[in-house]
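K.L.:
Sending over structure-v3.cif (mmCIF, C-alpha atoms).
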```
data_structure
loop_
_atom_site.label_atom_id
_atom_site.label_comp_id
_atom_site.auth_asym_id
_atom_site.auth_seq_id
_atom_site.Cartn_x
_atom_site.Cartn_y
_atom_site.Cartn_z
CA MET A 1 0.00 0.00 0.00
CA LYS A 2 1.38 3.38 -1.00
CA THR A 3 2.23 5.85 1.73
CA ILE A 4 0.88 9.38 1.74
CA TRP A 5 4.35 10.69 0.75
CA GLU A 6 4.48 8.44 -2.30
CA LYS A 7 1.00 9.59 -3.31
CA LEU A 8 1.99 13.22 -2.83
CA TYR A 9 5.20 12.74 -4.85
CA ARG A 10 3.28 11.10 -7.68
CA TRP A 11 0.63 13.85 -7.64
CA VAL A 12 3.31 16.57 -7.89
CA ASP A 13 5.34 14.56 -10.42
CA GLU A 14 2.39 14.29 -12.77
CA ARG A 15 2.08 18.08 -12.81
CA VAL A 16 5.67 19.41 -12.73
CA ASP A 17 7.62 16.34 -13.93
CA LEU A 18 9.85 15.88 -10.89
CA ALA A 19 11.40 12.75 -12.39
CA ASP A 20 13.51 14.79 -14.82
CA LEU A 21 14.74 17.02 -12.00
CA VAL A 22 15.67 14.03 -9.82
CA GLU A 23 17.44 12.43 -12.78
CA PHE A 24 19.35 15.65 -13.46
CA MET A 25 20.43 15.95 -9.82
CA GLY A 26 21.40 12.29 -9.73
CA LYS A 27 23.82 12.79 -12.63
CA LYS A 28 25.60 15.74 -11.01
CA TYR A 29 28.87 15.05 -9.24
CA VAL A 30 31.10 17.18 -7.01
CA PRO A 31 34.91 16.87 -7.26
CA ILE A 32 36.69 15.71 -4.11
CA HIS A 33 40.08 17.25 -3.33
CA ARG A 34 41.84 19.15 -0.53
CA HIS A 35 39.98 22.37 -1.37
CA SER A 36 36.50 20.78 -1.39
CA ILE A 37 35.59 22.35 1.97
CA TRP A 38 35.26 25.76 0.28
CA TYR A 39 32.40 24.50 -1.88
CA TYR A 40 30.08 24.64 1.14
CA PHE A 41 30.37 28.38 1.82
CA GLY A 42 28.19 29.25 -1.16
CA GLY A 43 25.38 27.20 0.38
CA VAL A 44 25.98 28.76 3.81
CA THR A 45 25.69 32.22 2.27
CA LEU A 46 22.41 31.23 0.61
CA PHE A 47 21.08 29.80 3.89
CA LEU A 48 21.89 32.99 5.82
CA PHE A 49 20.20 35.05 3.11
CA LEU A 50 17.05 32.94 3.47
CA ILE A 51 17.12 33.54 7.23
CA GLN A 52 17.41 37.25 6.48
CA VAL A 53 14.34 37.10 4.27
CA VAL A 54 12.19 35.18 6.75
CA SER A 55 13.22 37.22 9.82
CA GLY A 56 12.93 40.45 7.82
CA ILE A 57 9.35 39.65 6.81
CA LEU A 58 8.45 38.95 10.44
CA LEU A 59 9.95 42.29 11.53
CA LEU A 60 8.19 44.08 8.70
CA MET A 61 4.82 43.16 10.21
CA TYR A 62 5.47 45.54 13.12
CA TYR A 63 8.08 48.02 11.84
CA LYS A 64 7.05 51.58 11.00
CA GLY A 65 9.41 53.28 8.57
CA SER A 66 9.01 56.91 9.65
CA GLU A 67 11.08 59.34 11.68
CA GLU A 68 8.43 59.57 14.40
CA LEU A 69 7.72 55.85 14.79
CA ALA A 70 10.76 53.84 13.64
CA PHE A 71 12.60 53.79 16.97
CA GLU A 72 9.42 53.22 18.95
CA SER A 73 8.32 50.36 16.66
CA ILE A 74 11.63 48.58 17.30
CA GLN A 75 11.14 49.14 21.02
CA PHE A 76 7.68 47.63 20.72
CA ILE A 77 9.05 44.61 18.81
CA MET A 78 11.74 44.01 21.45
CA SER A 79 9.54 44.50 24.53
CA LYS A 80 5.95 43.63 23.59
CA VAL A 81 6.00 41.21 20.66
CA GLN A 82 6.50 37.61 21.71
CA PHE A 83 10.08 36.60 20.82
CA GLY A 84 10.40 39.90 18.97
CA TRP A 85 13.78 40.61 20.57
CA LEU A 86 15.00 37.21 19.37
CA ILE A 87 13.82 37.72 15.79
CA ARG A 88 15.51 41.12 15.62
CA SER A 89 18.70 39.71 17.08
CA VAL A 90 18.64 36.80 14.63
CA HIS A 91 18.12 39.24 11.75
CA SER A 92 21.03 41.45 12.82
CA TRP A 93 23.46 38.59 13.52
CA ALA A 94 22.45 36.79 10.30
CA ALA A 95 23.22 39.97 8.35
CA ASN A 96 26.77 40.04 9.69
CA LEU A 97 27.31 36.31 9.24
CA PHE A 98 25.91 36.59 5.71
CA ILE A 99 28.54 39.16 4.75
CA LEU A 100 31.27 37.08 6.44
CA ALA A 101 30.23 33.90 4.61
CA ALA A 102 29.96 35.77 1.30
CA VAL A 103 33.46 37.25 1.74
CA ILE A 104 34.93 33.83 2.56
CA HIS A 105 33.13 32.37 -0.46
CA MET A 106 34.44 35.15 -2.67
CA PHE A 107 38.07 34.69 -1.56
CA SER A 108 37.82 30.89 -1.91
CA VAL A 109 36.56 31.30 -5.49
CA TYR A 110 39.38 33.75 -6.14
CA PHE A 111 42.23 31.59 -4.81
CA THR A 112 40.96 28.38 -6.43
CA ARG A 113 40.54 30.28 -9.73
CA ALA A 114 36.92 29.14 -9.95
CA TYR A 115 36.19 32.35 -11.88
CA ARG A 116 38.02 31.23 -15.02
CA LYS A 117 36.34 30.34 -18.30
CA PRO A 118 33.46 29.47 -18.63
CA ARG A 119 32.48 30.83 -15.17
CA GLU A 120 33.11 34.54 -15.69
CA ILE A 121 29.40 35.43 -15.49
CA THR A 122 29.04 33.36 -12.31
CA TRP A 123 31.83 35.42 -10.73
CA LEU A 124 30.30 38.72 -11.88
CA THR A 125 26.85 37.90 -10.51
CA GLY A 126 28.46 36.80 -7.25
CA MET A 127 30.42 40.03 -6.93
CA PHE A 128 27.36 42.15 -7.67
CA MET A 129 25.45 40.21 -5.01
CA LEU A 130 28.27 40.88 -2.52
CA PHE A 131 28.08 44.61 -3.26
CA LEU A 132 24.29 44.44 -2.87
CA GLY A 133 24.75 42.58 0.42
CA MET A 134 26.88 45.46 1.69
CA GLY A 135 24.16 47.79 0.43
CA PHE A 136 21.65 45.77 2.47
CA GLY A 137 23.83 46.33 5.53
CA PHE A 138 24.23 50.06 4.91
CA SER A 139 20.54 50.68 4.25
CA GLY A 140 19.34 48.47 7.10
CA TYR A 141 21.71 50.05 9.61
CA LEU A 142 19.65 53.26 9.71
CA LEU A 143 16.23 51.63 10.09
CA PRO A 144 16.21 51.51 13.93
CA TRP A 145 16.74 55.30 13.78
CA ASN A 146 19.15 55.30 16.71
CA GLU A 147 21.99 57.70 17.42
CA LEU A 148 24.87 55.56 16.15
CA ALA A 149 23.06 54.61 12.94
CA PHE A 150 22.10 58.23 12.24
CA PHE A 151 25.63 59.61 12.46
CA ALA A 152 27.23 56.58 10.77
CA THR A 153 24.84 57.09 7.84
CA LYS A 154 25.74 60.77 7.76
CA VAL A 155 29.45 59.96 7.60
CA GLY A 156 28.92 57.23 5.01
CA THR A 157 26.86 59.41 2.69
CA ASP A 158 29.35 62.27 3.15
CA ILE A 159 32.08 59.94 1.88
CA ALA A 160 29.91 58.96 -1.09
CA GLY A 161 29.31 62.65 -1.76
CA ALA A 162 33.06 63.25 -2.04
CA VAL A 163 33.27 61.26 -5.28
CA PRO A 164 34.08 63.67 -8.14
CA ILE A 165 31.27 64.64 -10.53
CA VAL A 166 28.73 61.95 -9.51
CA GLY A 167 29.21 62.20 -5.74
CA GLU A 168 26.74 64.98 -5.08
CA PRO A 169 23.84 63.37 -7.00
CA ILE A 170 24.58 60.02 -5.31
CA MET A 171 24.52 61.63 -1.88
CA VAL A 172 21.21 63.39 -2.60
CA LEU A 173 19.78 60.12 -3.97
CA LEU A 174 20.78 58.22 -0.83
CA ARG A 175 19.61 60.92 1.58
CA GLY A 176 16.48 61.99 -0.24
CA GLY A 177 17.74 65.56 0.15
CA GLU A 178 20.75 67.55 1.28
CA ASP A 179 20.80 66.25 4.88
CA VAL A 180 20.08 63.03 6.75
CA THR A 181 16.45 63.37 7.80
CA GLY A 182 13.28 61.34 7.98
CA ALA A 183 13.29 61.37 4.17
CA THR A 184 16.61 59.47 4.33
CA LEU A 185 15.01 56.87 6.60
CA SER A 186 12.14 56.39 4.13
CA ARG A 187 14.61 56.20 1.25
CA MET A 188 16.76 53.58 3.01
CA PHE A 189 13.65 51.62 3.97
CA GLY A 190 12.63 51.47 0.31
CA PHE A 191 16.10 50.37 -0.74
CA HIS A 192 16.26 47.73 1.99
CA VAL A 193 12.89 46.01 1.55
CA ALA A 194 12.10 46.54 -2.15
CA ILE A 195 14.80 47.72 -4.55
CA PHE A 196 17.79 45.75 -3.30
CA PRO A 197 15.84 42.49 -2.72
CA GLY A 198 14.35 42.67 -6.22
CA ILE A 199 17.74 43.09 -7.88
CA PHE A 200 19.31 40.50 -5.59
CA ALA A 201 16.63 37.91 -6.42
CA VAL A 202 17.30 38.26 -10.16
CA LEU A 203 21.08 37.95 -9.68
CA LEU A 204 20.65 35.01 -7.31
CA GLY A 205 18.47 33.17 -9.82
CA ILE A 206 21.05 33.67 -12.58
CA HIS A 207 23.88 32.66 -10.23
CA LEU A 208 22.20 29.44 -9.12
CA VAL A 209 21.27 28.44 -12.66
CA LEU A 210 24.87 28.96 -13.79
CA VAL A 211 26.25 26.96 -10.87
CA GLN A 212 23.89 24.08 -11.65
CA ARG A 213 24.64 24.18 -15.36
CA GLN A 214 28.43 24.48 -15.04
CA GLY A 215 28.98 22.36 -11.93
CA MET A 216 31.74 22.82 -9.38
CA SER A 217 35.07 24.13 -10.61
CA GLU A 218 38.21 22.02 -10.18
CA PRO A 219 41.49 23.61 -9.02
CA ILE A 220 44.06 24.28 -11.73
CA GLY A 221 46.06 21.18 -12.62
CA HIS A 222 43.81 18.83 -10.65
CA SER A 223 42.35 17.07 -13.68
CA GLU A 224 45.77 16.85 -15.36
CA SER A 225 47.53 15.36 -12.33
CA GLY A 226 47.36 11.86 -13.77
CA ARG A 227 45.28 10.51 -10.90
CA ASP A 228 41.71 9.35 -11.15
CA LEU A 229 39.33 12.18 -10.32
CA LYS A 230 37.42 11.45 -7.12
CA THR A 231 33.83 12.66 -7.03
CA MET A 232 30.72 12.39 -4.91
CA PRO A 233 27.09 12.56 -6.10
CA PHE A 234 25.51 15.97 -5.57
CA PHE A 235 22.29 14.27 -4.51
CA PRO A 236 22.09 13.07 -1.82
CA ASN A 237 25.74 13.02 -0.61
CA PHE A 238 26.83 16.63 -1.09
CA LEU A 239 23.36 18.03 -0.39
CA LEU A 240 23.15 16.22 2.96
CA ARG A 241 26.57 17.53 3.97
CA ASP A 242 25.44 21.01 2.97
CA LEU A 243 22.30 20.68 5.09
CA LEU A 244 24.36 19.47 8.06
CA LEU A 245 26.51 22.59 7.84
CA TRP A 246 23.35 24.70 7.64
CA LEU A 247 22.21 23.11 10.89
CA ILE A 248 25.54 23.94 12.55
CA VAL A 249 25.34 27.55 11.32
CA LEU A 250 21.76 27.79 12.62
CA ASN A 251 22.96 26.69 16.07
CA VAL A 252 25.79 29.22 16.03
CA LEU A 253 23.34 31.94 15.00
CA ALA A 254 20.92 30.95 17.79
CA VAL A 255 23.68 31.05 20.41
CA LEU A 256 24.83 34.50 19.27
CA ALA A 257 21.28 35.85 19.14
CA VAL A 258 20.42 34.59 22.64
CA LEU A 259 23.68 35.31 24.47
CA PHE A 260 24.51 38.57 22.69
CA PRO A 261 21.16 40.20 21.80
CA TRP A 262 21.36 43.20 19.50
CA GLU A 263 21.06 46.47 21.42
CA LEU A 264 18.79 49.32 20.32
CA GLY A 265 20.64 52.29 21.77
CA VAL A 266 19.36 55.86 21.99
CA LYS A 267 16.90 57.46 19.59
CA ALA A 268 18.49 59.70 16.95
CA ASP A 269 18.43 63.45 17.53
CA LEU A 270 18.99 65.47 14.36
CA PHE A 271 20.22 68.49 16.35
CA ALA A 272 22.60 66.65 18.71
CA SER A 273 26.35 66.60 18.18
CA ALA A 274 27.95 63.38 16.99
CA PRO A 275 29.13 61.10 19.82
CA ALA A 276 32.80 60.16 19.95
CA GLY A 277 33.98 56.97 18.28
CA ILE A 278 31.41 56.70 15.48
CA LYS A 279 32.37 53.77 13.26
CA PRO A 280 30.72 51.92 10.37
CA GLU A 281 29.90 48.23 10.35
CA TRP A 282 32.94 45.94 10.41
CA TYR A 283 32.81 45.18 6.67
CA PHE A 284 33.26 48.89 5.89
CA LEU A 285 35.82 49.42 8.62
CA PHE A 286 38.95 48.72 6.55
CA MET A 287 37.96 51.42 4.05
CA PHE A 288 37.03 53.87 6.79
CA GLN A 289 40.36 53.30 8.57
CA SER A 290 42.35 53.54 5.33
CA LEU A 291 40.96 57.00 4.61
CA LYS A 292 42.35 58.16 7.96
CA TYR A 293 45.91 57.34 6.90
CA ILE A 294 45.78 59.27 3.64
CA PRO A 295 47.24 62.82 3.88
CA ALA A 296 44.88 65.77 3.64
CA GLU A 297 46.25 66.55 0.17
CA VAL A 298 47.90 64.30 -2.40
CA LEU A 299 49.30 66.14 -5.43
CA TYR A 300 46.94 69.06 -4.77
CA ILE A 301 43.95 66.69 -4.64
CA GLU A 302 41.93 66.18 -1.48
CA GLY A 303 43.14 63.01 0.25
CA GLU A 304 39.64 61.62 0.79
CA ILE A 305 38.90 61.87 -2.93
CA VAL A 306 42.16 60.08 -3.76
CA GLY A 307 41.26 57.28 -1.34
CA ILE A 308 37.75 56.87 -2.77
CA LEU A 309 39.09 56.77 -6.33
CA LEU A 310 41.72 54.18 -5.38
CA PHE A 311 39.14 51.97 -3.70
CA GLY A 312 36.85 52.32 -6.72
CA LEU A 313 39.68 51.28 -9.04
CA ALA A 314 40.61 48.36 -6.75
CA PHE A 315 37.02 47.06 -6.64
CA ALA A 316 36.73 47.38 -10.43
CA LEU A 317 39.97 45.44 -11.03
CA TRP A 318 38.93 42.77 -8.51
CA THR A 319 35.55 42.37 -10.21
CA MET A 320 37.15 42.08 -13.66
CA VAL A 321 39.82 39.56 -12.62
CA PRO A 322 38.40 36.72 -14.80
CA PHE A 323 39.13 38.84 -17.85
CA LEU A 324 42.55 40.03 -16.62
CA ASP A 325 43.95 36.68 -15.44
CA ARG A 326 44.71 35.16 -18.83
CA LYS A 327 47.06 32.48 -17.46
CA SER A 328 44.38 30.92 -15.30
CA ASN A 329 42.00 30.87 -18.25
CA LEU A 330 44.63 28.75 -20.00
CA GLY A 331 44.87 26.39 -17.03
CA GLN A 332 48.14 27.83 -15.72
CA GLU A 333 48.96 29.11 -12.24
CA ASN A 334 49.36 32.90 -12.02
CA LYS A 335 51.59 33.83 -9.07
CA VAL A 336 50.87 37.55 -9.45
CA VAL A 337 47.15 36.99 -8.89
CA THR A 338 47.88 34.80 -5.86
CA TYR A 339 50.19 37.36 -4.26
CA ALA A 340 47.74 40.17 -5.00
CA GLY A 341 44.98 38.19 -3.30
CA LEU A 342 47.15 37.48 -0.25
CA PHE A 343 47.98 41.18 0.00
CA VAL A 344 44.28 42.11 -0.14
CA VAL A 345 43.41 39.58 2.59
CA ALA A 346 46.21 40.84 4.85
CA PHE A 347 45.28 44.47 4.15
CA VAL A 348 41.58 43.99 4.90
CA ILE A 349 42.22 42.02 8.11
CA ALA A 350 44.90 44.40 9.40
CA LEU A 351 42.95 47.60 8.70
CA THR A 352 39.76 46.10 10.15
CA ILE A 353 41.61 45.23 13.38
CA PHE A 354 43.25 48.68 13.55
CA GLY A 355 39.88 50.34 12.96
CA TRP A 356 38.24 48.19 15.66
CA ILE A 357 40.82 48.93 18.38
CA ALA A 358 41.44 52.58 17.41
#
```
Show the structure stored in the file as structure tokens.
P.N.:
Amino acid sequence: MKTIWEKLYRWVDERVDLADLVEFMGKKYVPIHRHSIWYYFGGVTLFLFLIQVVSGILLLMYYKGSEELAFESIQFIMSKVQFGWLIRSVHSWAANLFILAAVIHMFSVYFTRAYRKPREITWLTGMFMLFLGMGFGFSGYLLPWNELAFFATKVGTDIAGAVPIVGEPIMVLLRGGEDVTGATLSRMFGFHVAIFPGIFAVLLGIHLVLVQRQGMSEPIGHSESGRDLKTMPFFPNFLLRDLLLWLIVLNVLAVLAVLFPWELGVKADLFASAPAGIKPEWYFLFMFQSLKYIPAEVLYIEGEIVGILLFGLAFALWTMVPFLDRKSNLGQENKVVTYAGLFVVAFVIALTIFGWIA
């Protein structure tokens, strides 16, 4: 006698043809080598994004995106809504872990040269999603409308406004005016819950389709090493391992959310002076700290502008690395790219630490 699950599977299969999907997944294999552990961070990043979506929707049911009610609505969520404090803490911690997992995933793809032909578009969509993820963090940081978020947003948009030619329009676009006001809060709210998620969903769909079509990349020289290539089936072997790691990440997230709940702080006052020690989120900290070390003037150009232009050039070169690293596209190791990547990792870690303890 057929079980209810078998009946349900057959009912769905008759309508959406699940058999072809199962057959496709059954034919997919994942290479096994000493770098295989890095394959899982893409799935972890996806899992944390899904947590962001679910927890964000729950918060959206009570949040009021206006200057008069934003702070009070967060207070209400944390004090009156059942488990509201936990959902907000999960959302905030998941946001930080999402960026961390995405950065680790990005560097692992870089050092294993998984961006080389034919995966250039996969790399580009991943980089654009990372930039959007940082945009999620920047726009969401202001939504509680507390003191630290208000002045950090002011500093961040001031830096964006320093970009030559396009800086002023960008700053006005982000702020919804000349200054950080309630209009800025409404603007950031729109970016955070509508514009950025819409763009991200499109990029994520393209990224996942490409990953499924192209499969997992093998490290350079691995297939030519003369040894038999070891693989594991994607379904169920790799998928079950991925789900196990998701469970571990969920436990870590729960521990952080419960033991270190996200604080709300003091409500923003547009006429108050900025408190000492204002800093951006940790993933912007290395850029913020770097700008401090640049002289006030460099060749008669304002130091802050020089720093912004250099960071813009660096991000552009990093994004275009699949088209610049011709050796890797030919299956050869490129030492210059490796050393450049190691320098970037050391630079980001060092400046982030200096910015944290400064």
K.L.:
Could you state which residues are captured by the PyMOL selection byres ((chain A and resi 199-211) around 12) in this file, as a VMD selection string?
P.N.:
chain A and resid 28 30 39 42 to 43 45 to 46 49 to 50 53 114 to 115 118 to 136 191 to 198 212 to 217
K.L.:
Suppose a student applies the PyMOL selection byres ((chain A and resi 56) around 10) to this structure; what residues should they get, written as a list in words?
P.N.:
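Checked against the file, the PyMOL selection byres ((chain A and resi 56) around 10) matches Leu50, Ile51, Gln52, Val53, Val54, Ser55, Ile57, Leu58, Leu59, Leu60, Met61, Tyr63, Ile87, Arg88, Val90, His91, Ser92, His192 and Val193 of chain A.
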K.L.:
List the residues selected by the PyMOL selection byres ((chain A and resi 103-111) around 7) in the file shown, writing them as a list in words.
P.N.:
Trp38, Phe41, Gly42, Ile99, Leu100, Ala101, Ala102, Thr112, Arg113, Ala114, Tyr115 and Thr338 of chain A
K.L.:
Just give me the gap between CA of Phe24 (chain A) and CA of Ile220 (chain A) in Å, one decimal is fine.
P.N.:
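It comes out at 26.2 Å.
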K.L.:
Where does region 176-278 of chain A meet region 32-36 of chain A within 9 Å, residue by residue, with the nearest atom pair and distance in Å to one decimal for each, counting all atoms listed in the file, listed by chain and rising number, as CSV?
P.N.:
```
residue,atom,partner,partner_atom,distance
A:Glu218,CA,A:His33,CA,8.6
A:Pro219,CA,A:His35,CA,7.9
A:His222,CA,A:His33,CA,8.4
A:Leu229,CA,A:Ile32,CA,7.6
A:Lys230,CA,A:Ile32,CA,5.3
A:Thr231,CA,A:Ile32,CA,5.1
A:Met232,CA,A:Ile32,CA,6.9
```
K.L.:
What is the distance between CA of Phe189 (chain A) and CA of Lys64 (chain A), in Å to one decimal?
P.N.:
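A separation of 9.6 Å between them.
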K.L.:
Every residue with an atom at most 8 Å from (20.6, 57.3, 9.8) (file coordinates; all atoms listed in the file) is what I'm after, so could you write them as a list in words?
P.N.:
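Output: Tyr141, Leu142, Leu143, Trp145, Asn146, Glu147, Leu148, Ala149, Phe150, Phe151, Ala152, Thr153, Lys154, Val180, Thr181, Thr184, Leu185 and Ala268 of chain A.
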K.L.:
Pick out the closest residue to Gly182 (chain A) from this set: A:Ile4, A:Asp325, A:Leu270, A:Lys292. Count all atoms listed in the file.
P.N.:
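Closest to Gly182 (chain A), using all atoms listed in the file: A:Leu270.
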K.L.:
Which is closer to Met78 (chain A) than all the others in A:Leu21, A:Ala94, A:Leu264, A:Ala340, using all atoms listed in the file?
P.N.:
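Residue with the minimum atom-to-atom distance to Met78 (chain A): A:Leu264.
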K.L.:
Figure out the distance between CA of Phe354 (chain A) and CA of Pro261 (chain A), please, to one decimal in Å.
P.N.:
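According to the coordinates, CA of Pro261 (chain A) and CA of Phe354 (chain A) are separated by 25.1 Å.
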K.L.:
Counting all atoms listed in the file, select every polymer residue within 10 Å of (11.8, 11.2, -6.0) as defined in the file's coordinates, and provide the selection as a list of chain:residue names.
P.N.:
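Nearby residues: A:Glu6, A:Tyr9, A:Arg10, A:Asp13, A:Leu18, A:Ala19, A:Asp20, A:Leu21, A:Val22, A:Glu23.
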K.L.:
I want to know what sits within 8 Å of Leu291 (chain A), based on all atoms listed in the file, with residues of the same chain fewer than 6 positions away left out; could you give that as a list in words?
P.N.:
Gly303, Glu304 and Gly307 of chain A
K.L.:
Restrict the selected residues to C-alpha atoms and save them as a tab-separated table (two decimals), in the frame of the given file.
P.N.:
```tsv
chain	number	residue	atom	x	y	z
A	303	GLY	CA	43.14	63.01	0.25
A	304	GLU	CA	39.64	61.62	0.79
A	307	GLY	CA	41.26	57.28	-1.34
```
K.L.:
Have a look at A:Ile305, A:Lys117, A:Ala183, A:Leu174 and name the one nearest to Leu324 (chain A); count all atoms listed in the file.
P.N.:
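That would be A:Lys117, the residue with the smallest distance to Leu324 (chain A).
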